[in-house]
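Dropping query_14.cif in here (mmCIF, C-alpha atoms):
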data_input
loop_
_atom_site.label_atom_id
_atom_site.label_comp_id
_atom_site.auth_asym_id
_atom_site.auth_seq_id
_atom_site.Cartn_x
_atom_site.Cartn_y
_atom_site.Cartn_z
CA MET A 1 94.57 105.58 76.31
CA LYS A 2 93.06 108.16 74.03
CA SER A 3 89.61 107.57 72.48
CA LEU A 4 90.62 104.38 70.69
CA LEU A 5 87.29 102.63 70.51
CA MET A 6 84.00 103.58 68.81
CA GLY A 7 80.61 101.87 68.81
CA ILE A 8 80.04 98.94 71.16
CA LEU A 9 83.11 98.41 73.32
CA THR A 10 83.71 95.50 75.65
CA VAL A 11 86.30 95.89 78.40
CA PHE A 12 87.17 92.96 80.64
CA CYS A 13 89.71 92.38 83.40
CA VAL A 14 91.02 88.87 83.92
CA VAL A 15 93.18 87.21 86.50
CA GLY A 16 94.99 84.06 85.40
CA CYS A 17 94.54 80.72 87.10
CA GLY A 18 97.66 81.31 89.18
CA GLY A 19 96.31 84.67 90.36
CA GLU A 20 99.70 86.31 89.78
CA VAL A 21 99.22 88.51 86.74
CA LYS A 22 96.39 91.01 86.35
CA GLN A 23 95.52 92.19 82.87
CA LEU A 24 93.28 94.77 81.25
CA GLN A 25 92.20 93.68 77.76
CA MET A 26 90.36 95.93 75.29
CA LYS A 27 88.68 94.76 72.11
CA ASP A 28 86.84 96.87 69.57
CA THR A 29 84.28 95.92 66.92
CA ALA A 30 87.07 95.53 64.36
CA GLY A 31 88.62 92.76 66.47
CA ALA A 32 91.79 94.60 67.54
CA THR A 33 92.88 93.75 71.10
CA LYS A 34 95.28 95.49 73.48
CA THR A 35 96.49 94.02 76.77
CA ILE A 36 98.06 95.82 79.73
CA GLU A 37 99.64 93.90 82.59
CA PHE A 38 99.76 95.34 86.11
CA PRO A 39 102.16 94.57 88.97
CA LYS A 40 101.18 91.77 91.33
CA GLY A 41 99.15 92.97 94.28
CA THR A 42 97.50 96.02 92.72
CA LEU A 43 95.57 96.85 89.57
CA THR A 44 97.08 100.32 89.41
CA GLY A 45 100.64 99.89 90.64
CA ALA A 46 100.16 102.97 92.84
CA ALA A 47 100.49 103.31 96.59
CA SER A 48 97.41 102.04 98.39
CA LYS A 49 95.21 104.17 100.63
CA ASP A 50 96.72 102.66 103.76
CA GLN A 51 100.27 103.27 102.53
CA SER A 52 99.63 106.91 101.60
CA SER A 53 98.12 107.66 105.00
CA ALA A 54 100.81 105.63 106.78
CA LEU A 55 103.59 107.69 105.18
CA ALA A 56 101.99 110.92 106.37
CA GLN A 57 101.56 109.52 109.88
CA ILE A 58 105.16 108.28 110.05
CA PHE A 59 106.50 111.67 108.97
CA VAL A 60 104.37 113.68 111.41
CA GLU A 61 105.05 111.43 114.42
CA SER A 62 108.80 111.07 113.83
CA HIS A 63 109.17 114.77 112.95
CA ASN A 64 107.43 115.93 116.13
CA MET A 65 109.45 113.59 118.33
CA ALA A 66 112.68 114.75 116.65
CA MET A 67 111.80 118.42 117.21
CA GLU A 68 111.19 117.75 120.91
CA GLU A 69 114.52 115.97 121.16
CA LEU A 70 116.36 118.85 119.44
CA ALA A 71 114.69 121.37 121.72
CA GLY A 72 115.65 119.34 124.77
CA ILE A 73 112.03 118.80 125.79
CA LYS A 74 111.43 115.64 127.77
CA GLY A 75 107.92 114.56 126.87
CA ASN A 76 105.58 112.29 128.74
CA GLU A 77 106.97 108.76 128.66
CA GLU A 78 103.58 107.25 127.86
CA ALA A 79 103.00 109.70 124.99
CA ILE A 80 106.43 108.85 123.52
CA LYS A 81 105.63 105.16 123.79
CA ARG A 82 102.33 105.65 121.94
CA SER A 83 104.00 107.68 119.18
CA THR A 84 106.70 105.03 118.74
CA GLN A 85 104.05 102.31 118.50
CA ARG A 86 102.08 104.29 115.90
CA ILE A 87 105.23 104.73 113.82
CA GLU A 88 106.01 101.01 113.97
CA GLU A 89 102.45 100.05 113.04
CA ALA A 90 102.42 102.49 110.13
CA ILE A 91 105.75 101.19 108.82
CA GLN A 92 104.31 97.66 108.64
CA LYS A 93 101.64 98.89 106.19
CA LEU A 94 104.23 99.95 103.63
CA GLU A 95 105.54 98.02 100.66
CA GLU A 96 108.71 96.08 101.46
CA PRO A 97 111.29 98.46 99.87
CA ASN A 98 109.94 101.50 101.77
CA ARG A 99 109.47 99.47 104.93
CA LYS A 100 113.11 98.41 104.90
CA ILE A 101 114.28 101.98 104.37
CA LEU A 102 112.40 103.23 107.42
CA GLU A 103 113.07 100.20 109.61
CA THR A 104 116.81 100.86 109.34
CA SER A 105 116.46 104.51 110.40
CA ARG A 106 118.51 105.15 113.53
CA SER A 107 116.70 108.18 114.94
CA ASN A 108 113.41 110.05 114.74
CA LEU A 109 115.05 112.81 112.71
CA GLU A 110 116.42 110.31 110.20
CA THR A 111 113.03 108.57 109.99
CA ALA A 112 111.34 111.93 109.37
CA ARG A 113 113.81 112.82 106.62
CA LYS A 114 113.53 109.45 104.87
CA SER A 115 109.75 109.28 105.08
CA LEU A 116 109.58 112.83 103.69
CA GLN A 117 111.79 111.76 100.76
CA ILE A 118 109.37 108.90 99.98
CA ILE A 119 106.42 111.33 100.15
CA GLU A 120 108.24 113.73 97.81
CA GLN A 121 108.80 110.88 95.32
CA LEU A 122 105.13 109.86 95.53
CA SER A 123 104.05 113.47 94.99
CA LYS A 124 106.25 113.75 91.90
CA ARG A 125 104.98 110.46 90.45
CA GLN A 126 101.37 111.56 90.92
CA GLY A 127 102.08 115.00 89.49
CA THR A 128 100.61 116.81 92.50
CA GLY A 129 103.84 118.57 93.42
CA GLU A 130 104.41 121.15 96.13
CA ILE A 131 104.48 124.87 96.77
CA THR A 132 106.49 127.08 99.13
CA LEU A 133 104.76 130.17 100.53
CA PHE A 134 106.99 132.97 101.81
CA PHE A 135 106.40 135.30 104.78
CA PRO A 136 107.94 138.63 105.79
CA VAL A 137 110.36 138.31 108.70
CA GLY A 138 108.35 138.11 111.93
CA SER A 139 105.01 137.40 110.20
CA GLY A 140 102.89 134.27 110.24
CA VAL A 141 99.95 135.62 108.23
CA ILE A 142 99.01 135.26 104.55
CA LYS A 143 96.98 138.36 103.72
CA LYS A 144 93.98 137.97 101.43
CA GLY A 145 94.69 139.46 98.04
CA SER A 146 98.46 139.12 98.46
CA HIS A 147 100.69 137.38 95.94
CA GLU A 148 101.24 134.39 98.25
CA TYR A 149 97.49 134.07 98.88
CA GLY A 150 96.92 133.86 95.12
CA ARG A 151 99.63 131.22 94.73
CA ALA A 152 98.11 129.09 97.50
CA ALA A 153 94.62 129.45 95.97
CA ASN A 154 95.86 128.45 92.51
CA PHE A 155 97.64 125.40 93.94
CA ALA A 156 94.49 124.27 95.77
CA ASP A 157 92.39 124.90 92.65
CA PHE A 158 94.77 122.72 90.61
CA LEU A 159 94.52 119.88 93.16
CA SER A 160 90.74 120.18 93.13
CA ARG A 161 90.54 119.87 89.34
CA GLU A 162 92.91 116.90 89.20
CA SER A 163 91.59 114.98 92.23
CA ARG A 164 88.96 112.96 90.30
CA GLY A 165 87.35 111.73 93.51
CA ARG A 166 90.60 110.98 95.31
CA LYS A 167 91.25 112.32 98.79
CA VAL A 168 94.01 114.93 98.87
CA LEU A 169 96.63 114.62 101.61
CA LEU A 170 98.72 117.72 102.31
CA ILE A 171 101.69 118.26 104.59
CA SER A 172 102.28 121.85 105.67
CA ILE A 173 105.76 122.39 107.12
CA GLY A 174 106.17 125.75 108.84
CA SER A 175 109.68 127.04 109.45
CA ALA A 176 111.24 130.00 111.19
CA SER A 177 114.64 131.49 111.82
CA ALA A 178 117.71 129.99 113.42
CA PHE A 179 118.26 133.45 114.90
CA GLY A 180 116.64 135.05 117.91
CA ASN A 181 114.48 133.73 120.72
CA ARG A 182 113.74 130.03 120.28
CA LYS A 183 110.27 130.13 121.89
CA VAL A 184 109.19 133.09 119.76
CA ASN A 185 110.44 131.37 116.61
CA GLN A 186 108.66 128.17 117.57
CA LYS A 187 105.32 129.99 117.84
CA LEU A 188 106.02 131.74 114.53
CA ALA A 189 106.80 128.45 112.77
CA LYS A 190 103.58 126.95 114.15
CA LYS A 191 101.55 129.90 112.84
CA ARG A 192 103.14 129.50 109.42
CA SER A 193 102.24 125.82 109.27
CA GLU A 194 98.62 126.75 110.03
CA ALA A 195 98.35 129.86 107.83
CA PRO A 196 97.68 128.03 104.50
CA VAL A 197 95.00 125.73 105.97
CA GLU A 198 92.13 128.23 105.71
CA ILE A 199 92.94 128.89 102.04
CA LEU A 200 93.24 125.17 101.27
CA ASP A 201 89.95 124.41 103.06
CA GLN A 202 88.19 127.15 101.10
CA TYR A 203 89.31 125.98 97.65
CA LEU A 204 89.01 122.27 98.46
CA VAL A 205 85.61 122.69 100.10
CA ASN A 206 83.99 119.94 98.02
CA ILE A 207 87.08 117.72 97.84
CA PRO A 208 87.93 115.24 100.63
CA HIS A 209 91.25 116.35 102.08
CA ASN A 210 93.40 116.27 105.17
CA VAL A 211 96.17 118.70 106.15
CA PHE A 212 99.00 117.49 108.39
CA LYS A 213 100.70 120.43 110.12
CA VAL A 214 104.26 120.25 111.41
CA TYR A 215 106.77 122.94 112.24
CA GLY A 216 110.37 123.38 113.25
CA THR A 217 113.01 126.00 113.90
CA GLY A 218 116.74 126.26 114.06
CA ASP A 219 119.31 124.46 111.97
CA VAL A 220 116.88 121.86 110.61
CA TYR A 221 115.07 124.38 108.39
CA SER A 222 117.07 127.60 108.57
CA PRO A 223 120.89 127.78 108.37
CA LYS A 224 122.95 129.95 110.67
CA ASN A 225 125.77 132.32 109.72
CA VAL A 226 124.17 133.54 106.47
CA SER A 227 123.33 137.00 105.19
CA MET A 228 119.95 138.56 106.02
CA LYS A 229 118.98 138.36 102.34
CA GLU A 230 119.49 134.59 102.32
CA HIS A 231 117.99 134.31 105.80
CA GLN A 232 114.70 135.72 104.48
CA ARG A 233 114.33 132.79 102.09
CA TYR A 234 113.70 130.47 105.03
CA GLN A 235 110.65 132.33 106.35
CA HIS A 236 108.14 130.03 104.75
CA ALA A 237 105.62 127.22 104.81
CA ARG A 238 106.25 124.32 102.47
CA ILE A 239 103.16 122.41 101.31
CA ILE A 240 103.51 118.96 99.74
CA ALA A 241 100.43 117.30 98.23
CA PHE A 242 99.68 113.72 97.27
CA TYR A 243 96.56 111.66 96.69
CA GLU A 244 95.21 108.89 98.87
CA MET A 245 95.01 105.93 96.50
CA ASP A 246 92.32 103.27 96.97
CA GLN A 247 92.88 99.81 95.55
CA LEU A 248 90.32 98.81 92.95
CA PRO A 249 87.78 96.32 94.32
CA SER A 250 88.43 92.59 94.00
CA LEU A 251 86.99 90.93 90.94
CA PRO A 252 84.04 88.57 91.54
CA GLU A 253 84.97 84.90 91.73
CA GLU A 254 83.45 82.64 89.11
CA PRO A 255 81.05 80.09 90.67
CA VAL A 256 82.43 76.54 90.70
CA ARG A 257 79.82 74.25 89.14
CA ASP A 258 81.66 70.95 89.25
CA LYS A 259 85.18 69.49 89.26
CA THR A 260 85.18 69.16 85.46
CA ALA A 261 84.36 72.83 85.01
CA ARG A 262 86.99 73.84 87.56
CA SER A 263 89.70 71.87 85.77
CA LYS A 264 89.21 73.80 82.55
CA LYS A 265 91.99 76.29 81.96
CA ARG A 266 90.14 79.54 82.01
CA PRO A 267 90.29 82.62 84.26
CA ARG A 268 88.83 82.17 87.75
CA LEU A 269 88.00 85.86 88.07
CA TYR A 270 86.36 88.09 85.52
CA LEU A 271 84.56 91.36 85.05
CA PHE A 272 82.64 92.47 81.98
CA ILE A 273 81.77 96.10 81.38
CA LYS A 274 79.97 97.16 78.23
CA ALA A 275 79.93 100.74 77.06
CA ILE A 276 78.16 102.26 74.07
CA GLY A 277 79.59 105.23 72.22
CA GLN A 278 83.03 106.80 72.39
CA SER A 279 85.22 105.85 75.39
CA ASP A 280 88.35 107.38 76.86
CA LEU A 281 90.55 104.97 78.80
CA VAL A 282 93.48 106.30 80.78
#
Let me see whether you can do it: turn the structure in this file into structure tokens.
Amino acid sequence: MKSLLMGILTVFCVVGCGGEVKQLQMKDTAGATKTIEFPKGTLTGAASKDQSSALAQIFVESHNMAMEELAGIKGNEEAIKRSTQRIEEAIQKLEEPNRKILETSRSNLETARKSLQIIEQLSKRQGTGEITLFFPVGSGVIKKGSHEYGRAANFADFLSRESRGRKVLLISIGSASAFGNRKVNQKLAKKRSEAPVEILDQYLVNIPHNVFKVYGTGDVYSPKNVSMKEHQRYQHARIIAFYEMDQLPSLPEEPVRDKTARSKKRPRLYLFIKAIGQSDLV
């Protein structure tokens, strides 16, 4: 909320006796009060830290396993088992609607696609967004001073300004052609997924962040049987950003003095914060 209160302002959060509804109440010196209710389970209604990280982990693990399957690579059985277990554990950290979506996925590729869709929705809700950086055919380098370098730097600078102490999670998806030698294209896609990292690290130097790098080639990211002009559009690295959201700390529990005091119908949890001067509440 925009600068509503002047002078001495008292802000207090309360949780009702049933513990089901969380409220933020604001009262100014004139006596006006506003109340905001939050969804059960979180004071912000946003994805928790564990859920944000879990989504990134699910996408990376399922994506990598799907790429190996598409390339016909038979990985180490123990490594596959560990990846599958990590995916299952991460899914259990999600809210029920998202958990059900991913639990019903029938393959690693489908899981990767669906988890990416959830990440895209989270990114849009948070306003972090994404950027696609383009490369010349056969190149996996972003030259300093180039147009794409400037775009990547501006994107990182925006995330830095808006982070407000939150950790930034970024997924860099490198892609290459469906044409030509598969091994060469695979190396090129990998280089493209890594190319933006140095720029992001430089402009997020004082901001906690983590970059998840994945890459793929062939029909998944670049269509066949298209003109060279259209083909060039798929020489890129797509970067999706979202914030790691921590839950607010639990409110302190009011000491129980005696049975009579406990029976009184008043909030069990409370927090008082007093501020002097002008306050901005968002």
Separation of atom CA of Glu162 of chain A from atom CA of Ala90 of chain A, in Å and rounded to one decimal:
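Separation of atom CA of Glu162 of chain A and atom CA of Ala90 of chain A: 27.1 Å.
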Report as a ChimeraX atom specification all protein, DNA and RNA residues lying within 12 Å of Asn108 of chain A, evaluated on only C-alpha atoms, omitting residues in the same chain fewer than 2 positions from it.
/A:58-70,80,83-84,87-88,102-106,110-115
Between atom CA of Gly127 of chain A and atom CA of Arg233 of chain A, what is the spacing in Å?
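Straight-line distance from atom CA of Arg233 of chain A to atom CA of Gly127 of chain A works out to 25.0 Å.
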Between atom CA of Ser146 of chain A and atom CA of Arg161 of chain A, measure the distance and give it in Å to one decimal.
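Between these atoms lies a distance of 22.7 Å.
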On this file, the PyMOL selection byres ((chain A and resi 203-214) around 9) gives some set of residues; write that set as a ChimeraX atom specification.
/A:56-57,60,63-64,153-154,156-157,159-160,163,165-175,189-190,193-194,197-202,215-216,243
Quick one: everything within 8 Å of Gln51 of chain A, counting all atoms listed in the file, minus sequence neighbours fewer than 2 positions away in the same chain. Send it as a short mmCIF file (atom, residue, chain, number, x, y, z; two decimals) with C-alpha atoms, in the coordinates of the input.
data_model
loop_
_atom_site.label_atom_id
_atom_site.label_comp_id
_atom_site.auth_asym_id
_atom_site.auth_seq_id
_atom_site.Cartn_x
_atom_site.Cartn_y
_atom_site.Cartn_z
CA ALA A 47 100.49 103.31 96.59
CA SER A 48 97.41 102.04 98.39
CA LYS A 49 95.21 104.17 100.63
CA SER A 53 98.12 107.66 105.00
CA ALA A 54 100.81 105.63 106.78
CA LEU A 55 103.59 107.69 105.18
CA ALA A 90 102.42 102.49 110.13
CA LYS A 93 101.64 98.89 106.19
CA LEU A 94 104.23 99.95 103.63
CA GLU A 95 105.54 98.02 100.66
#
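Candidate residues A:Ala195, A:Ala176, A:Leu188, A:Ile101 were compared for distance to Lys144 of chain A, and the nearest is A:Ala195, using only C-alpha atoms.
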With only C-alpha atoms as the basis for distance, which of A:Lys100, A:Lys124, A:Lys191, A:Arg82 is at the shortest distance from Ala237 of chain A?
A:Lys191
Let me know the centre plus edge lengths, in Å and rounded to one decimal, of a box with edges along x, y and z that contains all listed atoms of segment 68-81 of chain A and is padded by 6 Å on every side, as AutoDock Vina command-line options.
--center_x 109.7 --center_y 113.3 --center_z 124.1 --size_x 25.4 --size_y 28.2 --size_z 21.3
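Proximity to His236 of chain A was assessed for A:Ser107, A:His147, A:Gly129, A:Val137 counting only C-alpha atoms; the smallest distance is recorded for A:Val137.
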